[in-house]
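Next up, start.cif (mmCIF, C-alpha atoms):
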data_data
loop_
_atom_site.group_PDB
_atom_site.id
_atom_site.type_symbol
_atom_site.label_atom_id
_atom_site.label_comp_id
_atom_site.auth_asym_id
_atom_site.auth_seq_id
_atom_site.Cartn_x
_atom_site.Cartn_y
_atom_site.Cartn_z
ATOM 1 C CA MET S 1 0.000 0.000 0.000
ATOM 2 C CA ASN S 2 2.811 2.411 0.874
ATOM 3 C CA PHE S 3 4.460 1.885 -2.510
ATOM 4 C CA LYS S 4 1.179 2.386 -4.384
ATOM 5 C CA PHE S 5 0.359 5.444 -2.321
ATOM 6 C CA SER S 6 3.811 6.913 -2.978
ATOM 7 C CA LEU S 7 3.464 6.212 -6.691
ATOM 8 C CA LEU S 8 0.060 7.919 -6.741
ATOM 9 C CA LEU S 9 1.471 10.967 -4.965
ATOM 10 C CA SER S 10 4.354 11.102 -7.443
ATOM 11 C CA VAL S 11 1.977 10.935 -10.408
ATOM 12 C CA LEU S 12 -0.253 13.636 -8.913
ATOM 13 C CA PHE S 13 2.759 15.862 -8.161
ATOM 14 C CA LEU S 14 4.085 15.443 -11.697
ATOM 15 C CA SER S 15 0.643 16.190 -13.136
ATOM 16 C CA PHE S 16 0.370 19.395 -11.089
ATOM 17 C CA GLN S 17 3.863 20.422 -12.237
ATOM 18 C CA LEU S 18 2.954 19.857 -15.878
ATOM 19 C CA ILE S 19 -0.305 21.781 -15.512
ATOM 20 C CA GLU S 20 1.513 24.660 -13.821
ATOM 21 C CA ALA S 21 4.168 24.715 -16.565
ATOM 22 C CA GLN S 22 1.474 24.655 -19.241
ATOM 23 C CA ASN S 23 -0.391 27.516 -17.554
ATOM 24 C CA LYS S 24 2.797 29.556 -17.363
ATOM 25 C CA THR S 25 3.450 28.918 -21.066
ATOM 26 C CA GLU S 26 -0.123 29.890 -21.953
ATOM 27 C CA ASN S 27 0.106 33.093 -19.902
ATOM 28 C CA PHE S 28 3.431 33.959 -21.499
ATOM 29 C CA LEU S 29 2.193 33.408 -25.074
ATOM 30 C CA LYS S 30 -1.130 35.205 -24.561
ATOM 31 C CA PRO S 31 -1.038 38.610 -26.335
ATOM 32 C CA SER S 32 -1.237 41.602 -24.015
ATOM 33 C CA ASP S 33 -4.472 43.622 -24.066
ATOM 34 C CA THR S 34 -2.570 46.871 -23.589
ATOM 35 C CA LEU S 35 0.961 47.950 -24.393
ATOM 36 C CA ASN S 36 3.440 45.986 -22.306
ATOM 37 C CA LYS S 37 6.675 47.969 -22.609
ATOM 38 C CA LYS S 38 8.767 45.124 -21.197
ATOM 39 C CA ARG S 39 7.469 42.787 -23.898
ATOM 40 C CA GLN S 40 7.866 45.472 -26.560
ATOM 41 C CA ASN S 41 11.487 46.062 -25.568
ATOM 42 C CA THR S 42 12.067 42.303 -25.603
ATOM 43 C CA VAL S 43 10.687 42.091 -29.150
ATOM 44 C CA ILE S 44 12.771 45.040 -30.388
ATOM 45 C CA ILE S 45 16.009 43.835 -28.779
ATOM 46 C CA THR S 46 15.498 40.227 -29.918
ATOM 47 C CA GLU S 47 14.727 41.192 -33.508
ATOM 48 C CA ALA S 48 17.662 43.615 -33.670
ATOM 49 C CA ALA S 49 20.030 41.015 -32.214
ATOM 50 C CA LEU S 50 18.860 38.240 -34.551
ATOM 51 C CA ALA S 51 19.091 40.505 -37.599
ATOM 52 C CA SER S 52 22.562 41.726 -36.646
ATOM 53 C CA VAL S 53 23.933 38.263 -35.932
ATOM 54 C CA THR S 54 22.460 36.917 -39.178
ATOM 55 C CA LEU S 55 23.884 39.745 -41.295
ATOM 56 C CA ILE S 56 27.314 39.459 -39.664
ATOM 57 C CA GLY S 57 27.234 35.703 -40.179
ATOM 58 C CA LEU S 58 26.238 36.093 -43.838
ATOM 59 C CA ASN S 59 29.019 38.602 -44.392
ATOM 60 C CA GLN S 60 31.641 36.320 -42.849
ATOM 61 C CA ILE S 61 30.449 32.962 -44.190
ATOM 62 C CA TRP S 62 29.027 33.914 -47.591
ATOM 63 C CA TYR S 63 30.596 37.173 -48.795
ATOM 64 C CA ALA S 64 34.042 37.219 -47.145
ATOM 65 C CA ASP S 65 35.550 34.768 -49.664
ATOM 66 C CA TYR S 66 34.594 36.923 -52.656
ATOM 67 C CA PRO S 67 36.170 40.239 -53.788
ATOM 68 C CA LYS S 68 34.458 43.497 -52.907
ATOM 69 C CA SER S 69 33.434 46.233 -55.342
ATOM 70 C CA ASN S 70 31.702 49.583 -55.450
ATOM 71 C CA PHE S 71 27.985 49.358 -54.845
ATOM 72 C CA HIS S 72 26.250 48.345 -58.067
ATOM 73 C CA PHE S 73 23.030 46.884 -59.453
ATOM 74 C CA ILE S 74 22.590 43.918 -61.767
ATOM 75 C CA ASN S 75 19.637 42.847 -63.876
ATOM 76 C CA ASP S 76 18.844 39.230 -63.016
ATOM 77 C CA ASN S 77 15.115 39.420 -63.664
ATOM 78 C CA ASP S 78 15.224 36.810 -66.446
ATOM 79 C CA GLU S 79 16.943 34.145 -64.318
ATOM 80 C CA TRP S 80 15.470 31.008 -62.707
ATOM 81 C CA LEU S 81 12.063 31.625 -64.345
ATOM 82 C CA GLN S 82 11.623 34.323 -61.653
ATOM 83 C CA MET S 83 11.397 31.647 -58.952
ATOM 84 C CA ASP S 84 13.946 33.546 -56.861
ATOM 85 C CA LYS S 85 11.816 36.691 -57.025
ATOM 86 C CA ILE S 86 8.761 34.848 -55.740
ATOM 87 C CA GLY S 87 10.979 33.482 -52.970
ATOM 88 C CA HIS S 88 11.792 37.065 -51.975
ATOM 89 C CA LEU S 89 8.074 37.924 -51.859
ATOM 90 C CA TYR S 90 7.414 34.851 -49.719
ATOM 91 C CA SER S 91 10.259 35.653 -47.302
ATOM 92 C CA ALA S 92 9.328 39.331 -46.925
ATOM 93 C CA TYR S 93 5.691 38.445 -46.273
ATOM 94 C CA HIS S 94 6.370 35.931 -43.512
ATOM 95 C CA LEU S 95 9.197 37.849 -41.850
ATOM 96 C CA GLY S 96 6.868 40.836 -41.753
ATOM 97 C CA ARG S 97 3.986 38.709 -40.485
ATOM 98 C CA PHE S 98 6.111 37.303 -37.664
ATOM 99 C CA GLY S 99 7.264 40.828 -36.816
ATOM 100 C CA ALA S 100 3.700 42.120 -36.670
ATOM 101 C CA GLU S 101 2.532 39.151 -34.585
ATOM 102 C CA ALA S 102 5.404 39.683 -32.163
ATOM 103 C CA LEU S 103 4.373 43.312 -31.645
ATOM 104 C CA ASN S 104 0.761 42.202 -31.263
ATOM 105 C CA TRP S 105 1.961 39.890 -28.476
ATOM 106 C CA SER S 106 3.456 42.941 -26.752
ATOM 107 C CA GLY S 107 0.175 44.861 -27.013
ATOM 108 C CA ALA S 108 1.453 47.411 -29.536
ATOM 109 C CA SER S 109 -1.077 49.361 -31.568
ATOM 110 C CA LYS S 110 -2.250 48.090 -34.944
ATOM 111 C CA LYS S 111 -0.502 51.031 -36.601
ATOM 112 C CA ASN S 112 2.845 50.141 -35.057
ATOM 113 C CA GLN S 113 2.349 46.470 -35.894
ATOM 114 C CA LEU S 114 1.958 47.329 -39.567
ATOM 115 C CA ILE S 115 4.656 50.008 -39.774
ATOM 116 C CA TYR S 116 7.411 48.539 -37.632
ATOM 117 C CA GLY S 117 6.459 44.863 -37.369
ATOM 118 C CA ALA S 118 5.534 44.182 -40.979
ATOM 119 C CA GLY S 119 8.449 46.336 -42.142
ATOM 120 C CA VAL S 120 10.989 44.020 -40.519
ATOM 121 C CA GLY S 121 11.040 41.654 -43.497
ATOM 122 C CA PHE S 122 11.591 44.416 -46.042
ATOM 123 C CA ALA S 123 14.291 46.089 -43.921
ATOM 124 C CA PHE S 124 16.213 42.855 -43.324
ATOM 125 C CA LEU S 125 16.087 41.693 -46.948
ATOM 126 C CA THR S 126 17.081 45.181 -48.134
ATOM 127 C CA ALA S 127 20.166 44.934 -45.912
ATOM 128 C CA VAL S 128 21.010 41.626 -47.620
ATOM 129 C CA GLU S 129 20.672 43.381 -51.004
ATOM 130 C CA VAL S 130 23.181 45.982 -49.812
ATOM 131 C CA LEU S 131 25.663 43.193 -49.064
ATOM 132 C CA ASP S 132 25.010 41.829 -52.562
ATOM 133 C CA GLY S 133 25.560 45.289 -54.015
ATOM 134 C CA TYR S 134 29.071 45.556 -52.560
ATOM 135 C CA SER S 135 30.076 42.094 -53.781
ATOM 136 C CA ALA S 136 31.856 41.824 -57.138
ATOM 137 C CA GLU S 137 30.431 38.328 -57.542
ATOM 138 C CA TRP S 138 26.806 39.489 -57.378
ATOM 139 C CA GLY S 139 25.144 42.887 -57.166
ATOM 140 C CA ALA S 140 21.981 44.423 -55.814
ATOM 141 C CA SER S 141 18.859 43.504 -57.755
ATOM 142 C CA SER S 142 16.014 45.926 -58.411
ATOM 143 C CA GLY S 143 13.781 42.901 -59.042
ATOM 144 C CA ASP S 144 14.589 41.541 -55.580
ATOM 145 C CA LEU S 145 13.765 44.906 -53.974
ATOM 146 C CA ILE S 146 10.439 45.071 -55.813
ATOM 147 C CA ALA S 147 9.611 41.510 -54.727
ATOM 148 C CA ASN S 148 10.521 42.354 -51.119
ATOM 149 C CA ALA S 149 8.202 45.358 -51.218
ATOM 150 C CA ALA S 150 5.437 43.255 -52.779
ATOM 151 C CA GLY S 151 5.651 40.679 -49.996
ATOM 152 C CA THR S 152 5.382 43.362 -47.314
ATOM 153 C CA ALA S 153 2.532 45.047 -49.205
ATOM 154 C CA LEU S 154 0.630 41.756 -49.480
ATOM 155 C CA TYR S 155 0.533 41.447 -45.705
ATOM 156 C CA VAL S 156 -0.163 45.103 -44.900
ATOM 157 C CA SER S 157 -2.860 45.566 -47.556
ATOM 158 C CA GLN S 158 -4.864 42.580 -46.310
ATOM 159 C CA GLU S 159 -4.756 43.841 -42.741
ATOM 160 C CA LEU S 160 -5.945 47.285 -43.874
ATOM 161 C CA LEU S 161 -8.606 45.927 -46.228
ATOM 162 C CA TRP S 162 -9.960 42.911 -44.315
ATOM 163 C CA ASN S 163 -8.269 42.995 -40.903
ATOM 164 C CA GLU S 164 -7.219 39.394 -41.550
ATOM 165 C CA GLN S 165 -5.000 37.372 -43.870
ATOM 166 C CA ARG S 166 -7.157 35.734 -46.516
ATOM 167 C CA ILE S 167 -4.348 35.023 -49.002
ATOM 168 C CA THR S 168 -1.175 33.431 -47.621
ATOM 169 C CA PRO S 169 2.043 32.669 -49.554
ATOM 170 C CA LYS S 170 3.219 29.130 -48.853
ATOM 171 C CA PHE S 171 6.071 26.837 -49.846
ATOM 172 C CA SER S 172 6.563 23.165 -50.670
ATOM 173 C CA PHE S 173 9.548 21.164 -51.879
ATOM 174 C CA HIS S 174 10.473 17.804 -53.396
ATOM 175 C CA THR S 175 13.882 16.555 -54.489
ATOM 176 C CA THR S 176 14.738 16.373 -58.221
ATOM 177 C CA HIS S 177 17.358 14.676 -60.403
ATOM 178 C CA TYR S 178 18.690 18.052 -61.551
ATOM 179 C CA ALA S 179 20.639 18.694 -58.326
ATOM 180 C CA LYS S 180 23.012 15.800 -59.060
ATOM 181 C CA GLN S 181 23.791 17.295 -62.476
ATOM 182 C CA ASN S 182 24.892 20.653 -61.071
ATOM 183 C CA PRO S 183 25.313 20.420 -57.277
ATOM 184 C CA ASP S 184 27.338 23.651 -57.116
ATOM 185 C CA LYS S 185 24.307 25.635 -58.253
ATOM 186 C CA LEU S 186 21.480 23.460 -56.975
ATOM 187 C CA GLY S 187 22.960 22.026 -53.772
ATOM 188 C CA SER S 188 24.719 18.818 -52.797
ATOM 189 C CA SER S 189 22.748 18.104 -49.615
ATOM 190 C CA LEU S 190 19.045 18.174 -48.841
ATOM 191 C CA ASN S 191 19.377 21.370 -46.795
ATOM 192 C CA GLU S 192 21.142 23.111 -49.683
ATOM 193 C CA GLN S 193 18.695 21.786 -52.256
ATOM 194 C CA ILE S 194 15.690 23.138 -50.353
ATOM 195 C CA LEU S 195 17.232 26.607 -50.712
ATOM 196 C CA LYS S 196 18.861 26.289 -54.147
ATOM 197 C CA ASP S 197 17.051 23.750 -56.323
ATOM 198 C CA TYR S 198 14.269 25.823 -57.848
ATOM 199 C CA ASN S 199 13.110 22.773 -59.817
ATOM 200 C CA GLY S 200 11.848 21.200 -56.605
ATOM 201 C CA GLN S 201 10.377 24.354 -55.096
ATOM 202 C CA THR S 202 6.742 25.343 -55.462
ATOM 203 C CA TYR S 203 5.382 28.659 -54.241
ATOM 204 C CA TRP S 204 1.677 28.967 -53.528
ATOM 205 C CA LEU S 205 -0.961 31.592 -52.916
ATOM 206 C CA SER S 206 -3.280 29.823 -50.496
ATOM 207 C CA VAL S 207 -6.743 31.413 -50.498
ATOM 208 C CA ASN S 208 -9.073 30.903 -47.549
ATOM 209 C CA LEU S 209 -12.489 30.130 -49.031
ATOM 210 C CA HIS S 210 -14.603 30.857 -45.940
ATOM 211 C CA SER S 211 -13.148 34.368 -45.678
ATOM 212 C CA PHE S 212 -14.678 35.241 -49.039
ATOM 213 C CA ALA S 213 -17.969 33.420 -48.350
ATOM 214 C CA LYS S 214 -18.669 33.826 -44.640
ATOM 215 C CA GLU S 215 -22.367 32.989 -44.970
ATOM 216 C CA THR S 216 -21.661 29.507 -46.318
ATOM 217 C CA LYS S 217 -20.901 26.267 -44.506
ATOM 218 C CA ILE S 218 -17.405 26.003 -45.988
ATOM 219 C CA PRO S 219 -14.984 24.954 -43.197
ATOM 220 C CA LYS S 220 -13.078 27.963 -41.896
ATOM 221 C CA TRP S 221 -9.752 26.173 -42.368
ATOM 222 C CA LEU S 222 -10.263 25.048 -46.003
ATOM 223 C CA ASN S 223 -8.093 26.789 -48.624
ATOM 224 C CA LEU S 224 -7.725 26.644 -52.382
ATOM 225 C CA ALA S 225 -4.071 26.977 -53.379
ATOM 226 C CA PHE S 226 -2.622 28.261 -56.661
ATOM 227 C CA GLY S 227 0.987 27.208 -57.190
ATOM 228 C CA TYR S 228 3.885 28.197 -59.438
ATOM 229 C CA GLY S 229 7.062 26.244 -60.188
ATOM 230 C CA GLY S 230 9.667 25.564 -62.857
ATOM 231 C CA ASP S 231 11.376 22.568 -64.440
ATOM 232 C CA GLY S 232 14.622 22.032 -66.350
ATOM 233 C CA MET S 233 16.754 24.702 -64.625
ATOM 234 C CA LEU S 234 20.401 23.789 -64.146
ATOM 235 C CA SER S 235 21.566 27.391 -63.815
ATOM 236 C CA GLY S 236 20.184 30.900 -63.624
ATOM 237 C CA ASN S 237 20.184 31.804 -67.297
ATOM 238 C CA ASN S 238 18.924 28.876 -69.289
ATOM 239 C CA LYS S 239 19.632 30.379 -72.716
ATOM 240 C CA THR S 240 23.097 31.907 -72.382
ATOM 241 C CA GLU S 241 24.953 30.058 -69.623
ATOM 242 C CA ILE S 242 27.022 27.106 -70.830
ATOM 243 C CA LEU S 243 27.921 24.455 -68.264
ATOM 244 C CA ASP S 244 30.801 21.953 -68.329
ATOM 245 C CA PHE S 245 28.466 19.325 -69.761
ATOM 246 C CA GLY S 246 26.767 21.587 -72.317
ATOM 247 C CA ARG S 247 23.827 23.924 -72.404
ATOM 248 C CA ASN S 248 20.896 23.703 -70.035
ATOM 249 C CA PRO S 249 17.907 21.635 -71.077
ATOM 250 C CA GLU S 250 14.762 23.483 -72.112
ATOM 251 C CA ASN S 251 12.857 24.708 -69.080
ATOM 252 C CA PHE S 252 9.142 25.138 -68.474
ATOM 253 C CA ARG S 253 6.859 26.987 -66.108
ATOM 254 C CA GLN S 254 4.423 24.923 -64.054
ATOM 255 C CA ILE S 255 1.007 25.972 -62.770
ATOM 256 C CA TYR S 256 -0.687 24.082 -59.921
ATOM 257 C CA LEU S 257 -4.130 23.892 -58.352
ATOM 258 C CA SER S 258 -4.613 22.164 -55.016
ATOM 259 C CA PHE S 259 -6.372 22.171 -51.672
ATOM 260 C CA ASP S 260 -4.713 23.409 -48.495
ATOM 261 C CA VAL S 261 -5.343 24.000 -44.799
ATOM 262 C CA ASP S 262 -5.145 27.432 -43.171
ATOM 263 C CA LEU S 263 -3.767 26.485 -39.770
ATOM 264 C CA ALA S 264 -4.416 29.998 -38.472
ATOM 265 C CA LYS S 265 -8.157 29.451 -38.961
ATOM 266 C CA ILE S 266 -8.330 26.325 -36.783
ATOM 267 C CA ASN S 267 -10.301 27.177 -33.643
ATOM 268 C CA THR S 268 -8.336 26.649 -30.448
ATOM 269 C CA LYS S 269 -8.046 28.495 -27.141
ATOM 270 C CA SER S 270 -4.457 27.314 -26.693
ATOM 271 C CA HIS S 271 -1.965 30.091 -27.365
ATOM 272 C CA PHE S 272 0.760 27.460 -27.571
ATOM 273 C CA LEU S 273 -1.043 25.739 -30.459
ATOM 274 C CA LYS S 274 -1.755 29.105 -32.094
ATOM 275 C CA THR S 275 1.983 29.821 -32.052
ATOM 276 C CA ILE S 276 2.810 26.417 -33.546
ATOM 277 C CA PHE S 277 0.115 26.839 -36.197
ATOM 278 C CA SER S 278 1.451 30.294 -37.067
ATOM 279 C CA VAL S 279 4.964 28.936 -37.674
ATOM 280 C CA PHE S 280 3.818 25.996 -39.799
ATOM 281 C CA ASN S 281 1.336 28.097 -41.765
ATOM 282 C CA THR S 282 4.292 28.948 -43.995
ATOM 283 C CA ILE S 283 4.209 25.437 -45.523
ATOM 284 C CA LYS S 284 1.692 24.054 -48.000
ATOM 285 C CA ILE S 285 -0.043 20.894 -46.733
ATOM 286 C CA PRO S 286 0.467 17.909 -49.129
ATOM 287 C CA ALA S 287 -2.818 17.297 -50.959
ATOM 288 C CA PRO S 288 -4.311 16.135 -54.289
ATOM 289 C CA THR S 289 -3.017 18.466 -56.997
ATOM 290 C CA LEU S 290 -3.420 19.310 -60.673
ATOM 291 C CA GLU S 291 -0.336 20.455 -62.611
ATOM 292 C CA TYR S 292 -0.183 22.139 -66.004
ATOM 293 C CA THR S 293 3.103 22.313 -67.927
ATOM 294 C CA ALA S 294 3.388 23.459 -71.547
ATOM 295 C CA ASN S 295 5.460 20.445 -72.633
ATOM 296 C CA LYS S 296 3.461 17.828 -70.706
ATOM 297 C CA GLY S 297 -0.043 19.225 -70.530
ATOM 298 C CA LEU S 298 -2.286 18.428 -67.561
ATOM 299 C CA LYS S 299 -1.164 15.973 -64.886
ATOM 300 C CA GLY S 300 -2.712 14.883 -61.613
ATOM 301 C CA TYR S 301 -1.122 13.879 -58.291
ATOM 302 C CA LEU S 302 -2.877 12.014 -55.517
ATOM 303 C CA ILE S 303 -0.494 13.731 -53.076
ATOM 304 C CA TYR S 304 1.887 16.514 -54.124
ATOM 305 C CA PHE S 305 4.729 17.936 -52.070
#
Would you write out, as structure tokens, the structure that this file holds?
Amino acid sequence: MNFKFSLLLSVLFLSFQLIEAQNKTENFLKPSDTLNKKRQNTVIITEAALASVTLIGLNQIWYADYPKSNFHFINDNDEWLQMDKIGHLYSAYHLGRFGAEALNWSGASKKNQLIYGAGVGFAFLTAVEVLDGYSAEWGASSGDLIANAAGTALYVSQELLWNEQRITPKFSFHTTHYAKQNPDKLGSSLNEQILKDYNGQTYWLSVNLHSFAKETKIPKWLNLAFGYGGDGMLSGNNKTEILDFGRNPENFRQIYLSFDVDLAKINTKSHFLKTIFSVFNTIKIPAPTLEYTANKGLKGYLIYF
């Protein structure tokens, strides 16, 4: 009896500890109703520190091995079937969204969330363009800057127009055989390929159906997603760049139609789950998909990544 009683007490004690920890986490993640200056300062300092460390790291790891030059622009708008530009839009949107949500957590005003929070993505990516501009190997890109601004504008405009995000950029990826043919450009490992192999990347505009038809019985979390991708890219300029093994193959644009889930629209009172859903709402959920490519026509997938 003593052993069983001790075991029961231990289980109850552990349960109370877990409940207390969960309550503390919930209280911490719950957005403040009014401006909490301590939280606001935490957000500002954390974002500034992360941005600074990232930029310093990029400069040392990525740019330090290449010669410097005077600041200059390049025109790379015809490269990679513009997949890199859409990637800039996607990155600016979500960095800005996270910045705005962080200020919302601190209780900052809607105006400050949109000006300073949503502007974080554009400011950070503009700083990266400056590093590019001083590198002789690359150069600042006006197309990248426009895409960065478009991503920020997509978030801000929806908040001003609808006070919610009805259209969300998302990302999905699958490996391709092209990376093995040119690993220097497309990546030699999975981590590199996710960032570099545009053939395996798909960018989506995920549209929440219920937001546009609130009087219907459409589930609040159900989205229709329109995707864009490319195939046959071994380097940036498919027509002019000659590789060691010859010219690039012909490349094609790909258009996709699929279903998706808006994790932010799933009803839950848990602020922990809301935070998790917010992070993973950057990724397109695998689902049945239709693909159209000029050289292959229409193709269906039971599940597409």
Assuming the chain letters and numbering stay as they are in my file, what does the PyMOL selection byres ((chain S and resi 72-89) around 9) actually select? List them as a ChimeraX atom specification. /S:69-71,90-94,125,132-136,138-152,154,169,171,198,201-203,228-230,233-238,251-253
Which residues are close to stretch 105-108 of chain S, i.e. within 6 Å by all atoms listed in the file, leaving aside same-chain residues fewer than 4 positions away? Reply as a ChimeraX atom specification. /S:31-36,39-40
For S:Asn208, the closest of S:Lys299, S:Arg166, S:Lys68, S:Lys185 counting only C-alpha atoms is S:Arg166
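For the pair atom CA of S:Trp221 and atom CA of S:Leu209, the separation is 8.2 Å.
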Report as a PyMOL selection string the residues that result from applying the PyMOL selection byres ((chain S and resi 303) around 7) to the structure here. chain S and resi 286-289+301-302+304-305
Can you pull out the residues contacting stretch 44-46 of chain S? Cut-off 12 Å, using all atoms listed in the file, and skip same-chain residues under 6 positions away; I want them as a count of residues only. 14
With distances taken over only C-alpha atoms, which residue among S:Val156, S:Asn223, S:Pro183, S:Asp231 lies nearest S:Phe122?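 Ranked by minimum distance to S:Phe122, first place goes to S:Val156.
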Have a look at S:Asp197, S:Pro219, S:Gly297, S:Leu58 and name the one nearest to S:Lys180; count all atoms listed in the file.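 Using all atoms listed in the file, the shortest distance to S:Lys180 belongs to S:Asp197.
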